[in-house]
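A.B. asks: This is the structure I have questions about; it appears just below.
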Amino acid sequence: MPGVTTQSAPVAGKSPQLVVSPLPRAHRGWRVFVFYSAAVLATGVVSMLFADLLWRTGWSASRTILLVLFVILFLLIAIGGMHGLVGFILRVFGDHRRITQTDYRAQSIAETSTAIVFPIHNENITRVYEGLRATYESLKSTGQLEHFDFFILSDSTDLDKWVEEERRWYELIRELDALGRVYYRRRLDNEGRKSGNVRDFLNTWGRRYRYFLVCDADSVMRGETLVDLVKLMEAHPTVGLIQTVPALVNAESLFGRIQQFSNRFYAPLFIAGLNYWALNLGNYWGHNAIIRTEPFMQFCDLPQLPGRKPFGGQILSHDFVEAALLSRADWEVWFAYDLEGSYEEAPPGMIENSQRERRWCQGNLQHGLVLFAKGLRGVNRLHLVLGICGYLAGPLWLAFLLTFNWIHWYQKYTGLSNITVHAFTPYLNLSGTAHAFLIFIICMVALFLPKALALIDLAFDRERRRAFGGLARTTAGVVGETIFSTLHAPLLMLWHTRFVLTNLLGTGVSWSQQKRGPDGTTWLFAIQRHWGHTLIGLAWGGFMWELNPYLFWWFTPLFTGMVLSIPLSVWTSRRSLGARARKAGLFLTPEETKPPAELVALRSQMRIHEITADTTPRRPHAGLAEAVLDPYVNAIHVSLLREKRLNPVYAEQLDKLGVGREEVRVLGEKLLAEGPVSLTAAEQLLIMTDARAMVWLHQQSWLRPGETLAPWWRAAIQEYSRRD
Amino acid sequence: MTGLNALSDVSGRLAGRPLEEWNAAYAKVENYFHAMRIRNKALLGQLVLRVLERSMKRAPAEPNHSATQIAAEEMDRIVTEWFAAVLQEPPTNADQMLSTRGRLALLLADMPGQWQDQFLRPPPWPEEFVQAMRDAYLQAGPNFQLSKMTARPFDLGPITTLTNLGRIPYLKMALTWALFVLLLVAIFYFTH
């Protein structure tokens with residue numbers, strides 16, 4: 001049984017070095033071997049058939065390339081299929097190697113302290129805080145609230161958002177009576193992005209808490225689940241991290257609901273399969289996971305990678321690497337995949353989804369370098385490789401299709417005959433067409449096997465069947481989801497290819513802000529984003545028709561997705577269509593058919609905000625006006641700034657920024673006389689970071705005669721005097 | 001009101017200033033108290049008049065200052081003095097710390113919701129209100145427990161050398177040329 005020991009006695013101001021016994025390897029090694037060997041075996045057999053098919057029409061260099069691409073791509077499909085298959089078997093026969101299998105519920109958490117942290121960066125504040133409120137209320141109902149603290153860790157750079165975060169934080173703690181339980185901290189710089197934000201929290205307060213649980217801006221957690229996670233950690237002292245599997249919830253658009261349905265319906269199978277081979281070397285997905293603070297602080301500070309971007313520098317997708325670092329230090333990392341009550345939200349449309357994919361792509365490609373780090377566990381390297389392949393698959397598919405087209409074009413325009421010769425398939429007695437069709441069918445089976453298994457799994461589980469709205473509706477949902485993913489896949493292929501190429505070239509992709517109408521993506525924005533896809537689809541389709549009309553029909557799913565990308569993007573982003581699908585019983589999820597209390601609370605609060613929200617557009621620099629003019633918001637803002645001085649690290653940063661210098665007062669004078677437009681964003685930020693300047697501005701803006709103030713101030717004061 | 005009447009003269013001016021000037025001063029003070037969430041109109045009017053009364057006493061001696069300016073200063077002084085009395089702190093404070101603390105205390109003690117009638121009132125105040133004001137402290141975080149995480153660099157072995165290749169001058173240009181040559185080779189190979 002592995003255990004935890006300390007290498008040295010605690011020294012004042014320094015934590016003892018934690019060491020755990022090495023993890024048992026043999027059992028997991030066998031599982032990895034069986035799992036991946038099965039995928040390799042299937043790939044080997046199908047690749048032989050494919051090579052034979054290519055051989056029958058005459059070997060060439062391009063056919064070698066095609067075969068290599070086929071082997072890689074089929075292996076990825078086979079690995080996916082194996083996850084589904086093994087997950088299905090485990091669900092039927094029971095998985096006895098999961099962390100929740102142990103008897104942990106009787107564990108006491110009386111001596112524990114856990115911080116629930118919400119790192120945010122220019123988010124929709126209402127949604128973040130309501131998610132926090134739902135989690136808080138749910139936790140309160142368990143009677144264990146006293147063992148938890150909540151932290152809003154802001155990295156917001158938008159001044160309006162900053163002020164709104166502070167004001168709403170105060171409103172939240174007043175409404176929840178949570179002063180001293182829900183905290184707010186904004187960093188002075190954004191060094192290290194999200195991982196830097198969490199690290200800053202750990203450096204400031206980490207040692208107060210035995211555990212910390214990272215939430216995303218759209219996370220919601222059930223109170224019982226939080227308590228269960230702490231109990232699990234208490235029951236397993238060698239576990240460093242437990243990752244829950246967040247259910248996608250609250251989607252309203254058709255796209256969001258399809259994603260939500262896929263996540264809820266297929267994930268249990270896939271994650272059970274993942275847990276089969278990963279066991280205690282699981283992974284971390286960046287949020288909705290509980291972490292043991294001490295080992296994380298000792299082993300998981302991320303180093304800079306050597307070299308230049310896109311591979312060098314700061315590690316962007318930190319989560320996989322942090323899990324690998326914990327495992328390297330012999331701490332266990334588990335998936336608690338059967339713990340319910342962990343939620344997040346999906347992007348509402350295809351374009352938002354691709355924007356997220358773009359960020360993840362960059363981070364995952366960077367893992368290509370981490371792969372070579374010495375000391376990492378083989379299983380962690382597998383996690384990294386699978387993450388990278390998720391994005392490389394796009395360009396590889398494109399290369400496969402282009403090579404395939406090239407072979408046909410070459411065949412046609414060189415006038416070479418297409419006479420098939422015999423290979424080893426005579427033993428199977430297959431014609432050339434039947435041979436190709438057999439390979440196609442095998443590929444389809446490998447692709448769709450997990451979907452079929454998920455349906456079979458549902459058919460034998462009455463409770464789950466009811467939660468998804470019945471077998472017939474779920475089957476219709478699976479068909480609908482399959483049609484949509486078939487159309488969506490070519491677009492993902494093009495997007496991923498672009499992301500991979502631009503990342504490798506180090507150029508990046510700069511996209512303007514998403515323009516959404518009240519019901520979803522606007523037509524104009526969809527045209528801006530998808531015109532290229534449509535053109536490629538039309539050109540490619542025309543080329544295939546010209547090349548071979550018979551082949552054209554086999555490629556129609558590919559062209560259709562591209563040609564219809566604009567309407568597909570617009571329509572699937574529609575909330576109205578999502579509602580109609582829901583009314584028809586399509587894509588239902590357990591959280592829709594029987595919403596849990598925490599989500600009901602969240603939705604009703606969001607609805608109240610929607611109804612009562614002030615829809616008048618906010619004037620430019622409204623946050624600055626509020627922080628200066630509102631006597632209470634100014635007092636909150638200033639007191640939070642003053643508190644920063646107590647932390648020597650922040651105090652140093654404040655001095656470095658130039659806070660407290662005479663120049664800030666000069667900028668303040670300019671701000672009063674000429675308004676915010678006279679200052680740069682950095683100057684405005686500097687003023688708002690200077691407590692003394694903010695107090696002075698509050699006093700001066702109310703004391704000075706109107707005629708000495710910029711018209712912008714006069715208008716803002718007028719607005720304040722009329723506010724209820 | 002008697003105080004104000006005493007300051008008016010036969011020309012219809014107040015404390016030597018035209019009525020319009022006091023009107024503007026009234027609006028200024030009212031706006032600030034409104035921003036302080038004083039919503040009771042009777043109370044609001046009374047508070048504004050109190051400030052104006054003190055301003056009018058000052059006005060004859062300061063002909064170079066507008067009524068609005070004097071009223072704003074008086075308002076600031078009255079509020080700060082009151083904060084000093086309630087919070088038992090000296091009113092002299094160069095960086096307006098007292099004002100900030102006072103406003104925060106008003107908010108945390110829920111003056112706008114529960115204690116509007118006590119705002120700017122002379123003592124004695126209800127014990128509960130005084131206690132709420134004096135105890136008010138906005139805790140944004142628990143006590144610091146500072147530490148420093150230290151990154152352990154990755155040993156990437158020979159890969160580290162490869163990553164340094166990016167520092168070779170004109171590497172991108174050389175790579176582009178290499179790709180071009182590869183393309184030519186590929187075209188030749190596939191078409192022959």
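Ordered as shown in the structure tokens, chains take letters A, B, and onward, while each chain numbers its residues from 1 and ligands are numbered from 1 in the order shown.
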Contacts from chain A to chain B, 7 Å maximum, only C-alpha atoms: show me the residue list as an mmCIF file with N, CA and C atoms, in the first residue's frame.

C.D. replies:
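Contents of result03.cif, as written:
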data_model
loop_
_atom_site.group_PDB
_atom_site.id
_atom_site.type_symbol
_atom_site.label_atom_id
_atom_site.label_comp_id
_atom_site.auth_asym_id
_atom_site.auth_seq_id
_atom_site.Cartn_x
_atom_site.Cartn_y
_atom_site.Cartn_z
ATOM 1 N N LEU A 179 -19.475 37.364 3.913
ATOM 2 C CA LEU A 179 -18.251 38.126 4.136
ATOM 3 C C LEU A 179 -17.301 37.259 4.957
ATOM 4 N N GLY A 180 -16.074 37.098 4.459
ATOM 5 C CA GLY A 180 -15.140 36.206 5.150
ATOM 6 C C GLY A 180 -15.269 34.769 4.689
ATOM 7 N N TYR A 183 -14.177 35.399 -1.247
ATOM 8 C CA TYR A 183 -13.171 36.454 -1.370
ATOM 9 C C TYR A 183 -12.971 36.862 -2.824
ATOM 10 N N TYR A 184 -12.443 38.074 -2.964
ATOM 11 C CA TYR A 184 -12.163 38.582 -4.313
ATOM 12 C C TYR A 184 -10.734 39.113 -4.342
ATOM 13 N N ARG A 185 -10.004 38.726 -5.393
ATOM 14 C CA ARG A 185 -8.652 39.251 -5.571
ATOM 15 C C ARG A 185 -8.385 39.458 -7.056
ATOM 16 N N ASN A 203 0.642 30.984 -3.860
ATOM 17 C CA ASN A 203 1.741 31.675 -3.185
ATOM 18 C C ASN A 203 1.244 32.603 -2.082
ATOM 19 N N THR A 204 0.005 33.068 -2.226
ATOM 20 C CA THR A 204 -0.523 34.018 -1.246
ATOM 21 C C THR A 204 -1.269 33.325 -0.105
ATOM 22 N N TRP A 205 -2.105 32.344 -0.474
ATOM 23 C CA TRP A 205 -2.950 31.716 0.551
ATOM 24 C C TRP A 205 -2.884 30.189 0.547
ATOM 25 N N ARG A 207 -1.078 27.754 1.444
ATOM 26 C CA ARG A 207 -0.738 26.911 2.589
ATOM 27 C C ARG A 207 -1.798 26.938 3.693
ATOM 28 N N ARG A 208 -2.792 27.763 3.525
ATOM 29 C CA ARG A 208 -3.916 27.748 4.477
ATOM 30 C C ARG A 208 -4.847 26.570 4.207
ATOM 31 N N MET A 297 2.043 22.441 -4.993
ATOM 32 C CA MET A 297 2.943 23.586 -4.849
ATOM 33 C C MET A 297 4.406 23.156 -4.976
ATOM 34 N N GLN A 298 4.686 21.954 -4.528
ATOM 35 C CA GLN A 298 6.086 21.505 -4.585
ATOM 36 C C GLN A 298 6.526 21.067 -5.981
ATOM 37 N N ASP A 301 4.952 23.768 -10.299
ATOM 38 C CA ASP A 301 5.207 25.089 -10.876
ATOM 39 C C ASP A 301 5.813 24.849 -12.260
ATOM 40 N N LEU A 302 5.226 25.487 -13.253
ATOM 41 C CA LEU A 302 5.613 25.153 -14.622
ATOM 42 C C LEU A 302 6.850 25.925 -15.057
ATOM 43 N N PRO A 303 7.815 25.222 -15.580
ATOM 44 C CA PRO A 303 8.997 25.931 -16.092
ATOM 45 C C PRO A 303 8.698 26.504 -17.475
ATOM 46 N N PRO A 306 12.282 25.814 -23.404
ATOM 47 C CA PRO A 306 13.344 26.485 -24.173
ATOM 48 C C PRO A 306 12.882 26.787 -25.602
ATOM 49 N N GLY A 307 13.554 27.716 -26.233
ATOM 50 C CA GLY A 307 13.231 28.040 -27.622
ATOM 51 C C GLY A 307 12.157 29.107 -27.719
ATOM 52 N N ARG A 308 11.771 29.358 -28.980
ATOM 53 C CA ARG A 308 10.802 30.421 -29.219
ATOM 54 C C ARG A 308 9.413 29.852 -29.486
ATOM 55 N N PHE A 372 9.193 15.154 -24.521
ATOM 56 C CA PHE A 372 10.573 14.693 -24.405
ATOM 57 C C PHE A 372 11.177 14.953 -23.023
ATOM 58 N N ALA A 373 10.383 15.526 -22.125
ATOM 59 C CA ALA A 373 10.920 15.816 -20.785
ATOM 60 C C ALA A 373 11.255 14.519 -20.074
ATOM 61 N N LYS A 374 12.414 14.492 -19.492
ATOM 62 C CA LYS A 374 12.861 13.274 -18.812
ATOM 63 C C LYS A 374 12.077 13.065 -17.523
ATOM 64 N N ASP A 630 -19.178 56.955 -7.744
ATOM 65 C CA ASP A 630 -20.042 56.293 -6.756
ATOM 66 C C ASP A 630 -19.316 56.204 -5.415
ATOM 67 N N PRO A 631 -19.874 56.843 -4.373
ATOM 68 C CA PRO A 631 -19.163 56.879 -3.082
ATOM 69 C C PRO A 631 -18.861 55.490 -2.535
ATOM 70 N N TYR A 632 -19.739 54.546 -2.773
ATOM 71 C CA TYR A 632 -19.546 53.208 -2.204
ATOM 72 C C TYR A 632 -18.635 52.345 -3.073
ATOM 73 N N ALA A 635 -15.274 53.428 -2.503
ATOM 74 C CA ALA A 635 -14.746 52.967 -1.198
ATOM 75 C C ALA A 635 -14.328 51.496 -1.280
ATOM 76 N N ILE A 636 -15.134 50.682 -1.956
ATOM 77 C CA ILE A 636 -14.782 49.253 -2.101
ATOM 78 C C ILE A 636 -13.480 49.130 -2.894
ATOM 79 N N LEU A 640 -9.899 47.687 -1.464
ATOM 80 C CA LEU A 640 -9.273 46.486 -2.037
ATOM 81 C C LEU A 640 -7.852 46.799 -2.496
ATOM 82 N N ARG A 692 -4.625 56.215 -3.704
ATOM 83 C CA ARG A 692 -4.678 57.642 -3.343
ATOM 84 C C ARG A 692 -5.278 58.461 -4.470
ATOM 85 N N VAL A 695 -9.075 58.060 -4.477
ATOM 86 C CA VAL A 695 -9.751 58.815 -3.419
ATOM 87 C C VAL A 695 -9.782 60.296 -3.796
ATOM 88 N N LEU A 703 -16.215 67.917 -5.783
ATOM 89 C CA LEU A 703 -15.980 69.256 -5.228
ATOM 90 C C LEU A 703 -15.859 70.341 -6.289
ATOM 91 N N ARG A 704 -15.250 69.981 -7.397
ATOM 92 C CA ARG A 704 -14.940 71.031 -8.384
ATOM 93 C C ARG A 704 -16.195 71.522 -9.107
ATOM 94 N N PRO A 705 -16.200 72.831 -9.423
ATOM 95 C CA PRO A 705 -17.336 73.356 -10.190
ATOM 96 C C PRO A 705 -17.429 72.649 -11.539
ATOM 97 N N TYR A 720 -25.450 59.984 -12.557
ATOM 98 C CA TYR A 720 -25.456 59.460 -11.186
ATOM 99 C C TYR A 720 -26.544 60.079 -10.343
ATOM 100 N N SER A 721 -26.787 61.364 -10.564
ATOM 101 C CA SER A 721 -27.781 62.040 -9.747
ATOM 102 C C SER A 721 -29.199 61.595 -10.098
#

A.B. asks: Mind listing the strand (DSSP E) residues of stretch 336-456 of chain A, per DSSP on the backbone, as an MDAnalysis selection string?

C.D. replies: chainID A and resid 336 342:345

A.B. asks: From a DSSP calculation on the backbone, collect every residue of stretch 113-182 of chain B in helix (DSSP H, G or I) and output the set as number ranges by chain.

C.D. replies: B: 113-114, 116-118, 127-135, 159-167, 171-182

A.B. asks: Mind pulling up the distance from atom CA of A:Gly394 to atom CA of A:Phe559?

C.D. replies: 15.6 Å

A.B. asks: Counting only C-alpha atoms, which residue out of B:Ile78, B:Ile187, B:Met173, B:Ala178 sits closest to B:Leu47?

C.D. replies: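 So, comparing all the options, the nearest one is B:Ile78.
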
A.B. asks: Find the residues around B:Pro124 up to 10 Å (only C-alpha atoms counted), leave out those fewer than 4 positions away in its own chain, and share them as a compact mmCIF listing (two decimals) with C-alpha atoms, in the first residue's frame.

C.D. replies:
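File written: part-v1.txt
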# COMPACT_ATOMS: atom_id res chain seq x y z
CA VAL B 86 -18.91 58.16 14.61
CA GLN B 118 -28.82 58.48 11.36
CA VAL B 130 -22.28 52.73 15.98

A.B. asks: Quick one: distance from atom CA of A:Glu111 to atom CA of A:His147 in Å, one decimal?

C.D. replies: 8.0 Å

A.B. asks: Do you have the atom CA of A:Leu339-atom CA of A:Tyr129 distance handy?

C.D. replies: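 Atom CA of A:Tyr129 lies at a distance of 23.6 Å from atom CA of A:Leu339.
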
A.B. asks: A:Leu73, A:Gly477, A:Glu683, A:Ser262: which is nearest A:Leu392, counting only C-alpha atoms?

C.D. replies: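 Nearest candidate to A:Leu392 out of A:Leu73, A:Gly477, A:Glu683, A:Ser262: A:Leu73.
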
A.B. asks: Do you know which residues are at most 10 Å from A:Val628 counting only C-alpha atoms, after dropping those on the same chain fewer than 3 positions away, and could you put them as a ChimeraX atom specification?

C.D. replies: /A:622-625,631-635,637-638,688,693-702

A.B. asks: As a ChimeraX atom specification, please: the residues near A:Lys583 (cut-off 12 Å, only C-alpha atoms, same-chain neighbours under 5 positions excluded).

C.D. replies: /A:252,254,469,473,576-578,588,592-593

A.B. asks: Extract, using only C-alpha atoms, all DNA, RNA and protein residues at most 6 Å from stretch 221-223 of chain A, discarding same-chain residues fewer than 5 positions from it, and format them as JSON, numbers by chain.

C.D. replies: {"A": [135, 138, 139, 341, 342]}

A.B. asks: Next, dump the selected residues to file, keeping only N, CA and C atoms, as a short mmCIF file (atom, residue, chain, number, x, y, z; two decimals), in the first residue's frame.

C.D. replies:
data_model
loop_
_atom_site.label_atom_id
_atom_site.label_comp_id
_atom_site.auth_asym_id
_atom_site.auth_seq_id
_atom_site.Cartn_x
_atom_site.Cartn_y
_atom_site.Cartn_z
N THR A 135 -23.28 27.08 -6.44
CA THR A 135 -22.37 26.14 -5.79
C THR A 135 -22.36 26.39 -4.28
N SER A 138 -25.59 25.29 -2.64
CA SER A 138 -25.67 23.84 -2.61
C SER A 138 -24.75 23.27 -1.52
N LEU A 139 -23.58 23.87 -1.40
CA LEU A 139 -22.64 23.42 -0.37
C LEU A 139 -23.18 23.73 1.03
N GLY A 341 -22.88 15.73 -10.54
CA GLY A 341 -22.90 17.02 -9.87
C GLY A 341 -21.73 17.92 -10.18
N SER A 342 -21.11 17.70 -11.35
CA SER A 342 -20.03 18.57 -11.80
C SER A 342 -20.41 19.05 -13.20
#

A.B. asks: So that I can check the surroundings of stretch 231-243 of chain A, please list as an mmCIF file with N, CA and C atoms, in the first residue's frame every protein, DNA and RNA residue that reaches within 8 Å of it, counting only C-alpha atoms and ignoring chain neighbours fewer than 6 positions away.

C.D. replies:
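Dumped everything to around_21.cif:
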data_model
loop_
_atom_site.group_PDB
_atom_site.id
_atom_site.type_symbol
_atom_site.label_atom_id
_atom_site.label_comp_id
_atom_site.auth_asym_id
_atom_site.auth_seq_id
_atom_site.Cartn_x
_atom_site.Cartn_y
_atom_site.Cartn_z
ATOM 1 N N PRO A 2 0.739 2.104 -0.963
ATOM 2 C CA PRO A 2 1.582 3.298 -0.991
ATOM 3 C C PRO A 2 1.257 4.231 0.168
ATOM 4 N N GLY A 3 2.227 4.973 0.596
ATOM 5 C CA GLY A 3 1.998 5.892 1.704
ATOM 6 C C GLY A 3 2.748 7.185 1.520
ATOM 7 N N VAL A 4 2.466 8.155 2.391
ATOM 8 C CA VAL A 4 3.112 9.462 2.298
ATOM 9 C C VAL A 4 4.105 9.600 3.433
ATOM 10 N N VAL A 20 6.060 10.267 -1.669
ATOM 11 C CA VAL A 20 5.133 9.143 -1.570
ATOM 12 C C VAL A 20 5.813 7.901 -2.122
ATOM 13 N N ILE A 99 -11.676 5.064 -8.384
ATOM 14 C CA ILE A 99 -11.399 5.632 -7.057
ATOM 15 C C ILE A 99 -12.640 5.671 -6.180
ATOM 16 N N THR A 100 -13.801 5.801 -6.799
ATOM 17 C CA THR A 100 -15.039 5.890 -6.010
ATOM 18 C C THR A 100 -15.496 4.525 -5.505
ATOM 19 N N TYR A 104 -15.549 5.540 1.134
ATOM 20 C CA TYR A 104 -15.020 6.837 1.577
ATOM 21 C C TYR A 104 -16.066 7.710 2.261
ATOM 22 N N ARG A 105 -17.316 7.315 2.160
ATOM 23 C CA ARG A 105 -18.386 8.219 2.601
ATOM 24 C C ARG A 105 -18.388 8.480 4.105
ATOM 25 N N GLN A 107 -15.838 8.986 5.824
ATOM 26 C CA GLN A 107 -14.669 9.815 6.132
ATOM 27 C C GLN A 107 -15.099 11.188 6.671
ATOM 28 N N SER A 108 -14.413 11.645 7.693
ATOM 29 C CA SER A 108 -14.734 12.964 8.246
ATOM 30 C C SER A 108 -13.916 14.033 7.517
ATOM 31 N N ILE A 109 -14.513 15.195 7.319
ATOM 32 C CA ILE A 109 -13.740 16.295 6.712
ATOM 33 C C ILE A 109 -13.571 17.440 7.709
ATOM 34 N N ASN A 283 -5.598 12.128 -15.712
ATOM 35 C CA ASN A 283 -5.241 13.414 -16.313
ATOM 36 C C ASN A 283 -5.979 14.545 -15.613
ATOM 37 N N TYR A 284 -5.583 15.735 -15.954
ATOM 38 C CA TYR A 284 -6.211 16.937 -15.395
ATOM 39 C C TYR A 284 -6.675 17.782 -16.571
ATOM 40 N N TRP A 285 -7.918 18.251 -16.497
ATOM 41 C CA TRP A 285 -8.471 19.046 -17.597
ATOM 42 C C TRP A 285 -8.600 20.530 -17.243
ATOM 43 N N HIS A 287 -10.032 22.185 -14.777
ATOM 44 C CA HIS A 287 -11.101 22.691 -13.901
ATOM 45 C C HIS A 287 -11.990 21.550 -13.433
ATOM 46 N N ASN A 288 -12.847 21.856 -12.461
ATOM 47 C CA ASN A 288 -13.734 20.869 -11.838
ATOM 48 C C ASN A 288 -12.917 19.681 -11.301
ATOM 49 N N ALA A 289 -11.786 19.999 -10.702
ATOM 50 C CA ALA A 289 -10.912 18.965 -10.154
ATOM 51 C C ALA A 289 -10.407 19.431 -8.796
ATOM 52 N N ILE A 290 -10.266 18.476 -7.883
ATOM 53 C CA ILE A 290 -9.725 18.810 -6.557
ATOM 54 C C ILE A 290 -8.249 18.420 -6.515
ATOM 55 N N ILE A 291 -7.458 19.282 -5.888
ATOM 56 C CA ILE A 291 -6.008 19.093 -5.908
ATOM 57 C C ILE A 291 -5.462 19.197 -4.489
ATOM 58 N N ARG A 292 -4.536 18.324 -4.153
ATOM 59 C CA ARG A 292 -3.866 18.408 -2.857
ATOM 60 C C ARG A 292 -2.827 19.527 -2.961
ATOM 61 N N PRO A 295 1.603 18.936 -2.478
ATOM 62 C CA PRO A 295 2.404 18.392 -3.591
ATOM 63 C C PRO A 295 2.293 19.230 -4.857
ATOM 64 N N PHE A 296 1.128 19.830 -5.067
ATOM 65 C CA PHE A 296 0.979 20.667 -6.255
ATOM 66 C C PHE A 296 1.944 21.845 -6.180
ATOM 67 N N ALA A 323 -0.630 17.466 -14.340
ATOM 68 C CA ALA A 323 -0.946 16.075 -13.964
ATOM 69 C C ALA A 323 0.292 15.197 -14.149
ATOM 70 N N LEU A 326 2.724 15.809 -11.301
ATOM 71 C CA LEU A 326 2.286 15.142 -10.061
ATOM 72 C C LEU A 326 2.614 13.654 -10.127
ATOM 73 N N TRP A 331 2.641 10.966 -7.168
ATOM 74 C CA TRP A 331 1.301 11.251 -6.631
ATOM 75 C C TRP A 331 0.269 10.719 -7.618
ATOM 76 N N GLU A 332 -0.785 10.129 -7.074
ATOM 77 C CA GLU A 332 -1.798 9.544 -7.947
ATOM 78 C C GLU A 332 -2.741 10.615 -8.491
ATOM 79 N N VAL A 333 -3.179 10.392 -9.703
ATOM 80 C CA VAL A 333 -4.162 11.282 -10.342
ATOM 81 C C VAL A 333 -5.283 10.387 -10.870
ATOM 82 N N TRP A 334 -6.489 10.658 -10.433
ATOM 83 C CA TRP A 334 -7.614 9.786 -10.796
ATOM 84 C C TRP A 334 -8.729 10.569 -11.488
ATOM 85 N N PHE A 335 -9.487 9.828 -12.284
ATOM 86 C CA PHE A 335 -10.761 10.346 -12.780
ATOM 87 C C PHE A 335 -11.854 9.819 -11.856
ATOM 88 N N ALA A 336 -12.688 10.730 -11.338
ATOM 89 C CA ALA A 336 -13.868 10.268 -10.584
ATOM 90 C C ALA A 336 -15.027 10.385 -11.567
ATOM 91 N N TYR A 337 -15.042 9.459 -12.529
ATOM 92 C CA TYR A 337 -15.956 9.659 -13.665
ATOM 93 C C TYR A 337 -17.405 9.337 -13.342
#

A.B. asks: Using only C-alpha atoms, find the one residue out of B:Ala136, B:Leu44, B:Leu52, B:Ile38 that sits nearest to B:Asn23.

C.D. replies: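 When distances to B:Asn23 are compared using only C-alpha atoms, the smallest one comes from B:Leu52.
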